[in-house]
Each structure stands twice: as C-alpha cells, then as structure tokens.
Amino acid sequence: MSRRTVHCRTLGCDKNLVDSEALLGRFAARGIPVTAVPDDADIWVLNTCGFIEAARRDSYEAIAEMCATKGARTLVVTGCLSQEHGESIARDYPGVDLVNGVGNFDRLLDALELGQDRVPVARPEDARYDGMADRPLLTPPHLAFLKISEGCNFRCAFCRIPLIRGDQRSRTVAELADEARRLAARGVRELMLVSQNTSDYGRGAGEDLHDLAAALGEVDGLRWLRLHYLYPGLIGADRFRRLLDLPKVLPYVDMPVQHASPAVLRRMNRPFDAEKLARFFEELRRDRPDLVLRTTLLLGFPGEEEQDVEAVADFLERIRFDHVGTYRYSPEAGTAGADFDDAPDPEEVADREARLTDLQGDIARERQLTRLGQEFDVVVDSVGDGAEWSDLLADLAAGDLEEGDREPGTADPRSLVAGPVAVARSRHFAYDTDGVVLMDGRGLAAGDWLTARFAAVTPFDVLGVRAAARGKEC
C-alpha cells in the first residue's frame with residue numbers, strides 16, 4: 001500500500017466506534033500508522049451512520065465536507081449508510097475513492113492496495129465483528145467498549161438495524177473474556193458492554209449475559225463493568241438482581257424503553273408490557289436503592305396522541321430515571337412504521353419533546369440532590385483548561401432551585417476556570433453519554449482513581465471535591 005498514515009472519523013453510536021477501532025487495528029497490523037490528526041493522514045476514513053434521517057443527513061454532509069477538503073488524500077467511506085447506499089455514494093461523490101459497507105475490513109484493505117473503488121457489499125450476516133484486543137482505542141486508555149454481539153432478532157417498526165446489520169450473532173464468552181484480559185493488560189479498567197440488544201446475548205448458544213458478566217468479573221485489573229442497550233422484558237427481576245450482584249458489575253442499567261403508551265408500543269412492535277416493566281424497575285430499586293437508571297424515548301411515532309405522551313410523563317414520574325435521552329421519529333424504508341400515514345405534526349412533536357425534557361430535568365435534579373455531600377469513587381477521563389468548562393462551572397455556581405445546588409461553604413466553582421480541570425465520572429455517569437464530575441485538576445491525570453465528595457450539582461453534572469487520592473490502580 002503506497003499511502004502511509006490513516007485517520008478515521010466516526011459518526012453515530014459507540015458500536016460504530018468499536019468498528020472504527022477494529023478497522024484501524026487492521027491498518028496498523030499491515031504497517032499503516034494511525035493518527036488522530038486529520039492533516040497528518042494520507043488516508044481518510046469516514047465511518048457513517050444511517051440509523052435515522054438526521055443521522056443520514058449528517059453522514060452525507062460529512063462526505064461532502066471531506067470530499068471538498070481532502071486534497072490528494074484517499075477518502076474511504078464505510079459503515080451503515082454505505083451498506084445500503086454505496087452505489088449512490090460512489091456515483092454522487094466522485095471525491096470518494098473507496099466505498100465499503102459494514103465489516104469486510106480485510107477486504108477493504110485489500111481493495112485499497114489494489115486501487116479498487118468498491119468493496120462488494122456483503123450480506124449483514126457475513127459482516128460479523130470478531131473483535132481485536134490490540135485495536136487502537138478511540139476512548140481514553142483506561143476504558144473501552146466491548147462489542148458482545150452484532151445485529152438484532154427483533155423487528156421494531158421504526159428500526160432499520162436488522163436490515164443493515166442482520167440477525168443477532170453473539171460472540172462466545174471465551175472469546176470475549178480473552179479480549180477483556182488483553183485489554184486489561186493494556187491498562188483498561190472500565191469495560192462498557194454494547195450491542196444492538198445486550199439482554200439477548202448468547203441466545204441459542206447455551207450462554208447468557210450472566211455467564212458473560214461472571215467471566216468478565218474474574219478478569220484481573222478490571223474495575224467496572226457497565227451494561228448498555230438492555231432490551232425490556234427479556235430478563236426478569238430475579239435474574240437481573242443476580243446479574244447486578246456479580247463482582248464489578250455496576251448498579252447502572254441502560255434500557256431504552258422507547259415509549260410507555262401501550263397503544264404506541266403495540267404499533268412499534270415492542271413486545272413488552274409497560275406496567276410490568278414499571279414493576280420490574282420498582283423491584284430493582286427496592287432491592288438496590290443505589291441503582292442508576294437510564295433510558296431512551298422515541299417521540300412522534302405515527303398514531304401518537306396527547307394521551308400517549310401523558311402516559312410517558314406518568315412513567316417518568318413513577319420510575320424516576322436518572323438519565324433520559326430523546327429523539328424524534330423519522331420514517332425508515334423497509335420498516336412497518338413507514339407504511340403508517342398518521343404521524344403527528346412535527347411542531348407538536350417538538351413541543352412534546354420539550355415538555356418531557358423539562359419534566360425529566362426536574363426528576364434528574366431530584367436524583368442528583370440525593371447524592372449531594374456524599375463521597376463516591378471517580379475516575380479521571382481527562383485534564384484540561386478550566387476555561388473550556390466555564391459555562392458548566394457557572395451553572396454549578398448558581399446554587400438556586402432552577403440550575404443547581406451546592407453545599408454551604410463550598411468554594412465558588414467558577415474559581416476552577418483559572419486552572420486545570422479534571423473531567424471525571426462516578427459510577428452514575430456513562431462515558432460520553434451522561435454527565436461529568438468536574439474537579440480541580442492539579443496533580444491529576446487521565447486514568448487516576450480517587451474519592452470525591454459531591455459538593456454541587458445540576459440536573460446533569462457535578463462539582464467534585466477531592467477526598468482521598470488512591471492512585472491509578474485502585
């Protein structure tokens with residue numbers, strides 16, 4: 001291969017980020033250095049997202065931008081968007097030198113060496129992610145995503161993922177435990193388990209999520225295991241309690257419910273009962289008051305009416321989630337939802353989203369206030385210029401009922417603007433998804449573990465005050 005250095009830009013979810021890491025690992029294995037600086041690279045790779053219309057729009061804008069600025073560089077487009085629209089990308093963007101779908105990374109590199117402009121698009125089922133423990137990490141070096149399976153067996157009426165990624169194929173416990181051991185040997189201390197449907201891991205293979213978490217809990221060096229993308233209704237409360245009792249599994253549950261109206265859930269082809277799910281969350285919270293709950297809501301699905309939004313609001317009030325993400329429906333070709341013609345008015349959807357976001361902000365603030373003054377282990381993700389965090393530090397300084405609260409006698413958080421600020425997380429916050437714990441960064445570095453007192457909070461973030469430094473290998 002004549003080119004010497006590669007840079008990858010990733011759009012979309014953390015599962016896509018793992019794909020980018022695996023691809024860069026294959027470049028490195030062929031002697032092609034990886035750089036985080038676009039200007040230093042001879043090869044640009046864009047890993048696209050095609051989940052919803054907004055994501056496709058972002059991907060097309062990124063392709064156009066990179067075509068306009070690449071100069072003499074080679075531009076490779078890969079990922080979910082090009083899995084389905086590779087031909088039109090190659091036709092409409094002459095600046096793209098090579099188009100690939102999902103997976104097929106070795107064939108991608110072969111095509112690049114041969115000067116080809118297309119990698120034949122494989123069936124999604126043939127594009128299995130096999131992992132690569134020595135892949136370059138695009139996260140801070142003390143944490144990594146562990147992709148435990150690919151694809152999904154469910155057919156939700158709004159989702160194209162099974163059409164893009166195929167049915168679920170799980171990696172084995174032995175394979176994943178080996179990857180985890182090798183990552184831990186490189187200094188990884190937090191593993192974030194991701195897939196399209198983590199609850200369904202191992203189905204049909206005689207293994208399940210409990211087996212996997214138990215094996216990962218035995219890996220020396222690992223400290224935190226965080227579970228993402230759990231599917232509602234597939235694991236009962238008793239089994240889930242046993243899962244949360246395993247060593248190193250954090251009391252943190254990321255379970256996208258999408259909606260809480262029975263009528264909308266039926267239309268979405270989501271095979272679970274909202275009332276049973278509410279009781280499931282309540283049981284877990286009774287047993288584990290320290291449990292952190294995160295969910296995702298899809299608003300504006302066809303047929304959604306005001307009473308359906310009220311059902312979502314009631315659900316939020318009842319469960320008291322710590323973190324909630326929202327997004328708006330867009331019709332996706334090939335899904336059942338695309339055949340419905342009774343989508344609500346976009347302005348009304350925006351209003352519904354705003355109202356639920358305001359409600360959740362109040363709930364999140366209440367949850368945060370229960371931790372004010374308590375001490376928790378935190379890990380430092382980065383240390384940087386305090387001025388970059390001036391707006392958030394101002395929010396933490398507000399100390400009023402609308403924007404935040406802080407302990408009496410706490411120094412003004414805005415004083416941190418003048419020095420280095422450590423961006424840390426406790427178990428309550430997932431990397432690059434939830435809030436952060438901001439602290440005085442003097443004497444700290446990425447990867448440090450310490451105990452911090454929560455001295456001020458907003459609904460989403462925390463001012464931490466150092467309690468007792470405990471080093472990098474806590």
# chains A, B, ... in the order shown; residues from 1 in each chain; ligands from 1
>>> residues_around(residues="A:Leu137", least_positions_apart="3", cutoff="10 Å", atoms="only C-alpha atoms", output="list in words")
Leu17, Val18, Ser20, Glu21, Ala22, Leu24, Gly25, Ala133, Asp134, Pro140, Pro141, His142, Leu143, Ala144, Phe145, Leu183 and Val188 of chain A
>>> residues_around(residues="A:Ser426", least_positions_apart="5", cutoff="10 Å", atoms="only C-alpha atoms", output="MDAnalysis selection string")
chainID A and resid 375:380 431 435:437 449:452 454 462 464
>>> write_last_selection(atoms="C-alpha atoms", output="PDB file, in the first residue's frame")
ATOM      1  CA  GLU A 375     -18.480  10.542  48.640  1.00  0.00           C
ATOM      2  CA  PHE A 376     -18.021   8.298  45.612  1.00  0.00           C
ATOM      3  CA  ASP A 377     -15.162   6.721  43.692  1.00  0.00           C
ATOM      4  CA  VAL A 378     -14.449   8.574  40.456  1.00  0.00           C
ATOM      5  CA  VAL A 379     -12.135   8.008  37.517  1.00  0.00           C
ATOM      6  CA  VAL A 380     -10.484  10.890  35.666  1.00  0.00           C
ATOM      7  CA  TYR A 431     -18.679   7.834  29.290  1.00  0.00           C
ATOM      8  CA  GLY A 435     -22.891  13.991  32.813  1.00  0.00           C
ATOM      9  CA  VAL A 436     -19.437  14.545  34.294  1.00  0.00           C
ATOM     10  CA  VAL A 437     -17.801  15.302  37.628  1.00  0.00           C
ATOM     11  CA  TRP A 449      -8.947   6.917  40.584  1.00  0.00           C
ATOM     12  CA  LEU A 450      -9.876   8.810  43.725  1.00  0.00           C
ATOM     13  CA  THR A 451     -12.712   9.510  46.109  1.00  0.00           C
ATOM     14  CA  ALA A 452     -14.676  12.712  45.583  1.00  0.00           C
ATOM     15  CA  PHE A 454     -20.285  15.754  45.504  1.00  0.00           C
ATOM     16  CA  VAL A 462     -21.390  17.513  39.484  1.00  0.00           C
ATOM     17  CA  GLY A 464     -16.421  17.114  42.957  1.00  0.00           C
TER      18      GLY A 464
END
>>> residues_around(residues="A:Ser149", least_positions_apart="4", cutoff="7 Å", atoms="only C-alpha atoms", output="ChimeraX atom specification")
/A:168-171,195,201
>>> residues_around(residues="A:Arg160", least_positions_apart="3", cutoff="7 Å", atoms="only C-alpha atoms", output="ChimeraX atom specification")
/A:51,163-164,332,335
>>> write_last_selection(atoms="N, CA and C atoms", output="mmCIF file, in the first residue's frame")
data_model
loop_
_atom_site.group_PDB
_atom_site.id
_atom_site.type_symbol
_atom_site.label_atom_id
_atom_site.label_comp_id
_atom_site.auth_asym_id
_atom_site.auth_seq_id
_atom_site.Cartn_x
_atom_site.Cartn_y
_atom_site.Cartn_z
ATOM 1 N N PHE A 51 -28.902 5.329 10.883
ATOM 2 C CA PHE A 51 -29.990 4.840 11.734
ATOM 3 C C PHE A 51 -31.302 5.566 11.470
ATOM 4 N N LEU A 163 -32.086 -4.720 9.107
ATOM 5 C CA LEU A 163 -31.876 -4.689 7.663
ATOM 6 C C LEU A 163 -30.433 -4.339 7.323
ATOM 7 N N ILE A 164 -29.797 -3.537 8.178
ATOM 8 C CA ILE A 164 -28.421 -3.118 7.931
ATOM 9 C C ILE A 164 -27.426 -4.115 8.499
ATOM 10 N N GLU A 332 -38.619 5.077 8.111
ATOM 11 C CA GLU A 332 -37.469 4.354 7.586
ATOM 12 C C GLU A 332 -37.942 3.302 6.590
ATOM 13 N N THR A 335 -39.339 -0.636 6.965
ATOM 14 C CA THR A 335 -39.892 -0.913 8.286
ATOM 15 C C THR A 335 -41.407 -0.788 8.240
#
>>> residues_around(residues="stretch 310-315 of chain A", least_positions_apart="2", cutoff="9 Å", atoms="only C-alpha atoms", output="PyMOL selection string")
chain A and resi 259-262+274-275+278+297+305-308+317-320+355-356+359-360
>>> write_last_selection(atoms="N, CA and C atoms", output="mmCIF file, in the first residue's frame")
data_model
loop_
_atom_site.group_PDB
_atom_site.id
_atom_site.type_symbol
_atom_site.label_atom_id
_atom_site.label_comp_id
_atom_site.auth_asym_id
_atom_site.auth_seq_id
_atom_site.Cartn_x
_atom_site.Cartn_y
_atom_site.Cartn_z
ATOM 1 N N HIS A 259 -40.929 4.038 24.522
ATOM 2 C CA HIS A 259 -42.223 4.665 24.808
ATOM 3 C C HIS A 259 -42.846 3.960 26.005
ATOM 4 N N ALA A 260 -43.961 4.513 26.507
ATOM 5 C CA ALA A 260 -44.639 3.891 27.646
ATOM 6 C C ALA A 260 -46.143 3.777 27.441
ATOM 7 N N SER A 261 -46.640 4.209 26.285
ATOM 8 C CA SER A 261 -48.059 4.055 25.980
ATOM 9 C C SER A 261 -48.299 2.666 25.399
ATOM 10 N N PRO A 262 -49.218 1.872 25.975
ATOM 11 C CA PRO A 262 -49.485 0.538 25.415
ATOM 12 C C PRO A 262 -49.860 0.578 23.939
ATOM 13 N N ALA A 274 -45.808 -2.177 29.471
ATOM 14 C CA ALA A 274 -45.249 -1.039 30.201
ATOM 15 C C ALA A 274 -45.494 -1.152 31.700
ATOM 16 N N GLU A 275 -46.658 -1.662 32.098
ATOM 17 C CA GLU A 275 -46.939 -1.798 33.531
ATOM 18 C C GLU A 275 -46.019 -2.836 34.168
ATOM 19 N N ALA A 278 -42.650 -1.282 34.534
ATOM 20 C CA ALA A 278 -42.592 -0.353 35.663
ATOM 21 C C ALA A 278 -42.397 -1.111 36.970
ATOM 22 N N LEU A 297 -36.165 7.591 24.778
ATOM 23 C CA LEU A 297 -37.545 7.722 24.324
ATOM 24 C C LEU A 297 -37.585 8.170 22.870
ATOM 25 N N GLU A 305 -50.700 10.254 20.216
ATOM 26 C CA GLU A 305 -51.599 11.340 20.575
ATOM 27 C C GLU A 305 -51.238 11.879 21.957
ATOM 28 N N GLU A 306 -51.950 12.923 22.367
ATOM 29 C CA GLU A 306 -51.601 13.593 23.625
ATOM 30 C C GLU A 306 -51.685 12.637 24.814
ATOM 31 N N GLN A 307 -52.685 11.757 24.835
ATOM 32 C CA GLN A 307 -52.791 10.835 25.966
ATOM 33 C C GLN A 307 -51.617 9.858 26.016
ATOM 34 N N ASP A 308 -51.030 9.579 24.859
ATOM 35 C CA ASP A 308 -49.853 8.709 24.837
ATOM 36 C C ASP A 308 -48.650 9.412 25.460
ATOM 37 N N GLU A 317 -42.477 10.012 35.859
ATOM 38 C CA GLU A 317 -42.749 10.397 37.245
ATOM 39 C C GLU A 317 -42.669 9.188 38.172
ATOM 40 N N ARG A 318 -43.141 8.071 37.705
ATOM 41 C CA ARG A 318 -43.192 6.870 38.546
ATOM 42 C C ARG A 318 -41.818 6.246 38.738
ATOM 43 N N ILE A 319 -41.050 6.124 37.671
ATOM 44 C CA ILE A 319 -39.782 5.394 37.737
ATOM 45 C C ILE A 319 -38.646 6.275 38.231
ATOM 46 N N ARG A 320 -38.667 7.563 37.930
ATOM 47 C CA ARG A 320 -37.608 8.488 38.367
ATOM 48 C C ARG A 320 -36.261 8.093 37.774
ATOM 49 N N ARG A 355 -41.547 19.379 26.581
ATOM 50 C CA ARG A 355 -42.241 19.206 27.863
ATOM 51 C C ARG A 355 -41.674 18.033 28.652
ATOM 52 N N LEU A 356 -41.429 16.930 27.972
ATOM 53 C CA LEU A 356 -40.873 15.765 28.660
ATOM 54 C C LEU A 356 -39.443 16.025 29.112
ATOM 55 N N LEU A 359 -39.673 18.020 32.282
ATOM 56 C CA LEU A 359 -40.066 17.140 33.385
ATOM 57 C C LEU A 359 -38.891 16.302 33.854
ATOM 58 N N GLN A 360 -38.179 15.709 32.900
ATOM 59 C CA GLN A 360 -37.049 14.868 33.272
ATOM 60 C C GLN A 360 -35.939 15.682 33.931
#
>>> atom_distance(atom1="atom CA of A:Ala343", atom2="atom CA of A:Phe154")
22.5 Å
>>> residues_around(residues="A:Ile363", least_positions_apart="5", cutoff="9 Å", atoms="only C-alpha atoms", output="list in words")
Leu316, Glu317, Arg320, Phe321, Asp322, Asp358, Gln368 and Pro459 of chain A
>>> write_last_selection(atoms="C-alpha atoms", output="PDB file, in the first residue's frame")
ATOM      1  CA  LEU A 316     -41.129   9.108  34.055  1.00  0.00           C
ATOM      2  CA  GLU A 317     -42.749  10.397  37.245  1.00  0.00           C
ATOM      3  CA  ARG A 320     -37.608   8.488  38.367  1.00  0.00           C
ATOM      4  CA  PHE A 321     -34.922   7.760  35.787  1.00  0.00           C
ATOM      5  CA  ASP A 322     -31.521   9.319  36.382  1.00  0.00           C
ATOM      6  CA  ASP A 358     -38.360  19.768  31.237  1.00  0.00           C
ATOM      7  CA  GLN A 368     -28.747  14.364  41.919  1.00  0.00           C
ATOM      8  CA  PRO A 459     -29.588  18.020  36.950  1.00  0.00           C
TER       9      PRO A 459
END
>>> select_by_dssp(residues="stretch 99-248 of chain A", states="helix (DSSP H, G or I)", output="VMD selection string")
chain A and resid 105 to 114 124 to 126 161 to 165 173 to 185 198 to 200 209 to 217 237 to 244
>>> select_by_dssp(residues="stretch 192-374 of chain A", states="strand (DSSP E)", output="list of chain:residue names")
A:Met192, A:Leu193, A:Val194, A:Trp224, A:Leu225, A:Arg226, A:Leu227, A:Val249, A:Leu250, A:Pro251, A:Tyr252, A:Val253, A:Asp254, A:Val292, A:Leu293, A:Arg294, A:Thr295, A:Thr296, A:Leu297, A:Leu298, A:Leu299, A:His323, A:Val324, A:Gly325, A:Thr326, A:Tyr327, A:Arg328
>>> write_last_selection(atoms="N, CA and C atoms", output="compact mmCIF listing (two decimals), in the first residue's frame")
# COMPACT_ATOMS: atom_id res chain seq x y z
N MET A 192 -17.34 -1.26 28.87
CA MET A 192 -18.74 -0.93 28.60
C MET A 192 -19.26 -1.92 27.58
N LEU A 193 -20.16 -2.80 28.00
CA LEU A 193 -20.68 -3.85 27.13
C LEU A 193 -21.77 -3.27 26.24
N VAL A 194 -21.58 -3.41 24.91
CA VAL A 194 -22.52 -2.83 23.96
C VAL A 194 -22.90 -3.85 22.90
N TRP A 224 -14.63 -1.79 36.65
CA TRP A 224 -16.05 -1.52 36.40
C TRP A 224 -16.51 -2.24 35.14
N LEU A 225 -17.68 -2.88 35.22
CA LEU A 225 -18.39 -3.41 34.06
C LEU A 225 -19.72 -2.68 33.96
N ARG A 226 -19.96 -2.06 32.83
CA ARG A 226 -21.17 -1.25 32.65
C ARG A 226 -22.00 -1.84 31.51
N LEU A 227 -23.30 -2.05 31.75
CA LEU A 227 -24.19 -2.71 30.80
C LEU A 227 -25.01 -1.67 30.03
N VAL A 249 -19.85 -5.59 38.32
CA VAL A 249 -20.99 -5.08 37.55
C VAL A 249 -21.56 -3.88 38.28
N LEU A 250 -21.57 -2.74 37.63
CA LEU A 250 -22.06 -1.51 38.25
C LEU A 250 -23.58 -1.54 38.38
N PRO A 251 -24.11 -0.93 39.44
CA PRO A 251 -25.57 -0.78 39.55
C PRO A 251 -26.06 0.33 38.63
N TYR A 252 -25.90 0.09 37.35
CA TYR A 252 -26.24 1.06 36.30
C TYR A 252 -26.92 0.28 35.19
N VAL A 253 -28.15 0.66 34.86
CA VAL A 253 -28.93 -0.06 33.85
C VAL A 253 -29.32 0.91 32.75
N ASP A 254 -28.83 0.65 31.54
CA ASP A 254 -29.21 1.42 30.35
C ASP A 254 -30.19 0.57 29.56
N VAL A 292 -28.73 3.13 39.29
CA VAL A 292 -28.85 4.25 38.35
C VAL A 292 -29.57 3.73 37.10
N LEU A 293 -30.61 4.43 36.68
CA LEU A 293 -31.40 4.01 35.53
C LEU A 293 -31.30 5.04 34.41
N ARG A 294 -31.02 4.52 33.22
CA ARG A 294 -31.00 5.35 32.01
C ARG A 294 -31.94 4.74 30.98
N THR A 295 -32.66 5.59 30.24
CA THR A 295 -33.49 5.09 29.16
C THR A 295 -33.48 6.08 28.00
N THR A 296 -34.10 5.65 26.89
CA THR A 296 -34.22 6.47 25.68
C THR A 296 -35.67 6.45 25.23
N LEU A 297 -36.16 7.59 24.78
CA LEU A 297 -37.55 7.72 24.32
C LEU A 297 -37.58 8.17 22.87
N LEU A 298 -38.47 7.54 22.10
CA LEU A 298 -38.73 7.91 20.71
C LEU A 298 -40.09 8.61 20.66
N LEU A 299 -40.10 9.84 20.21
CA LEU A 299 -41.33 10.63 20.19
C LEU A 299 -41.76 10.91 18.76
N HIS A 323 -31.21 9.32 33.98
CA HIS A 323 -30.82 9.89 32.69
C HIS A 323 -31.84 9.45 31.63
N VAL A 324 -32.26 10.38 30.79
CA VAL A 324 -33.18 10.07 29.70
C VAL A 324 -32.71 10.80 28.44
N GLY A 325 -32.57 10.05 27.35
CA GLY A 325 -32.31 10.65 26.05
C GLY A 325 -33.57 10.58 25.21
N THR A 326 -33.75 11.55 24.31
CA THR A 326 -34.92 11.55 23.43
C THR A 326 -34.48 11.76 21.99
N TYR A 327 -35.27 11.24 21.07
CA TYR A 327 -35.09 11.54 19.66
C TYR A 327 -36.44 11.46 18.98
N ARG A 328 -36.52 12.01 17.77
CA ARG A 328 -37.80 12.11 17.07
C ARG A 328 -37.86 11.09 15.93
>>> atom_distance(atom1="atom CA of A:Ala177", atom2="atom CA of A:Leu244")
18.3 Å
>>> closest_residue(among="A:Asp381, A:Asp97, A:Glu218, A:Asp273", to="A:Asp448", atoms="only C-alpha atoms")
A:Asp381
>>> closest_residue(among="A:His210, A:Lys15, A:Arg371, A:Arg223", to="A:Arg165", atoms="only C-alpha atoms")
A:Lys15
>>> atom_distance(atom1="atom CA of A:Ile43", atom2="atom CA of A:Leu146")
26.2 Å
>>> closest_residue(among="A:Asp432, A:Glu282, A:Asp106, A:Asp341", to="A:Ala28", atoms="only C-alpha atoms")
A:Asp106
>>> closest_residue(among="A:Asn197, A:Gln258, A:Asn269, A:Asn100", to="A:Arg155", atoms="only C-alpha atoms")
A:Asn269
>>> closest_atom_pairs(of="stretch 357-395 of chain A", to="stretch 414-418 of chain A", cutoff="8 Å", atoms="only C-alpha atoms", output="JSON lines")
{"residue": "A:Asp385", "atom": "CA", "partner": "A:Val417", "partner_atom": "CA", "distance": 7.5}
{"residue": "A:Gly386", "atom": "CA", "partner": "A:Val417", "partner_atom": "CA", "distance": 4.1}
{"residue": "A:Ala387", "atom": "CA", "partner": "A:Val417", "partner_atom": "CA", "distance": 4.8}
{"residue": "A:Glu388", "atom": "CA", "partner": "A:Val417", "partner_atom": "CA", "distance": 7.9}
{"residue": "A:Trp389", "atom": "CA", "partner": "A:Val417", "partner_atom": "CA", "distance": 7.1}
{"residue": "A:Ser390", "atom": "CA", "partner": "A:Val417", "partner_atom": "CA", "distance": 6.0}
{"residue": "A:Leu393", "atom": "CA", "partner": "A:Arg414", "partner_atom": "CA", "distance": 5.3}
{"residue": "A:Ala394", "atom": "CA", "partner": "A:Arg414", "partner_atom": "CA", "distance": 5.8}
>>> closest_residue(among="A:Pro232, A:Gly202, A:Gly50, A:Pro302", to="A:Ala263", atoms="only C-alpha atoms")
A:Pro302
>>> decode(residues="stretch 297-338 of chain A", atoms="C-alpha atoms", output="PDB file, in the first residue's frame")
ATOM      1  CA  LEU A 297     -37.545   7.722  24.324  1.00  0.00           C
ATOM      2  CA  LEU A 298     -38.729   7.914  20.708  1.00  0.00           C
ATOM      3  CA  LEU A 299     -41.328  10.629  20.191  1.00  0.00           C
ATOM      4  CA  GLY A 300     -43.628  11.320  17.259  1.00  0.00           C
ATOM      5  CA  PHE A 301     -44.259   7.733  16.137  1.00  0.00           C
ATOM      6  CA  PRO A 302     -47.307   7.517  13.838  1.00  0.00           C
ATOM      7  CA  GLY A 303     -50.546   7.495  15.792  1.00  0.00           C
ATOM      8  CA  GLU A 304     -49.033   9.101  18.891  1.00  0.00           C
ATOM      9  CA  GLU A 305     -51.599  11.340  20.575  1.00  0.00           C
ATOM     10  CA  GLU A 306     -51.601  13.593  23.625  1.00  0.00           C
ATOM     11  CA  GLN A 307     -52.791  10.835  25.966  1.00  0.00           C
ATOM     12  CA  ASP A 308     -49.853   8.709  24.837  1.00  0.00           C
ATOM     13  CA  VAL A 309     -47.424  11.472  25.786  1.00  0.00           C
ATOM     14  CA  GLU A 310     -49.187  11.756  29.149  1.00  0.00           C
ATOM     15  CA  ALA A 311     -48.537   8.027  29.634  1.00  0.00           C
ATOM     16  CA  VAL A 312     -44.835   8.669  29.053  1.00  0.00           C
ATOM     17  CA  ALA A 313     -44.877  11.543  31.549  1.00  0.00           C
ATOM     18  CA  ASP A 314     -46.591   9.336  34.131  1.00  0.00           C
ATOM     19  CA  PHE A 315     -43.980   6.638  33.518  1.00  0.00           C
ATOM     20  CA  LEU A 316     -41.129   9.108  34.055  1.00  0.00           C
ATOM     21  CA  GLU A 317     -42.749  10.397  37.245  1.00  0.00           C
ATOM     22  CA  ARG A 318     -43.192   6.870  38.546  1.00  0.00           C
ATOM     23  CA  ILE A 319     -39.782   5.394  37.737  1.00  0.00           C
ATOM     24  CA  ARG A 320     -37.608   8.488  38.367  1.00  0.00           C
ATOM     25  CA  PHE A 321     -34.922   7.760  35.787  1.00  0.00           C
ATOM     26  CA  ASP A 322     -31.521   9.319  36.382  1.00  0.00           C
ATOM     27  CA  HIS A 323     -30.823   9.888  32.688  1.00  0.00           C
ATOM     28  CA  VAL A 324     -33.182  10.071  29.696  1.00  0.00           C
ATOM     29  CA  GLY A 325     -32.313  10.646  26.053  1.00  0.00           C
ATOM     30  CA  THR A 326     -34.917  11.550  23.434  1.00  0.00           C
ATOM     31  CA  TYR A 327     -35.085  11.542  19.657  1.00  0.00           C
ATOM     32  CA  ARG A 328     -37.798  12.111  17.070  1.00  0.00           C
ATOM     33  CA  TYR A 329     -39.271   9.555  14.708  1.00  0.00           C
ATOM     34  CA  SER A 330     -38.445   9.538  11.022  1.00  0.00           C
ATOM     35  CA  PRO A 331     -39.986   7.015   8.582  1.00  0.00           C
ATOM     36  CA  GLU A 332     -37.469   4.354   7.586  1.00  0.00           C
ATOM     37  CA  ALA A 333     -37.864   2.462   4.304  1.00  0.00           C
ATOM     38  CA  GLY A 334     -38.429  -1.244   4.797  1.00  0.00           C
ATOM     39  CA  THR A 335     -39.892  -0.913   8.286  1.00  0.00           C
ATOM     40  CA  ALA A 336     -43.534  -1.360   9.264  1.00  0.00           C
ATOM     41  CA  GLY A 337     -43.689   2.209  10.511  1.00  0.00           C
ATOM     42  CA  ALA A 338     -43.027   3.557   7.029  1.00  0.00           C
TER      43      ALA A 338
END
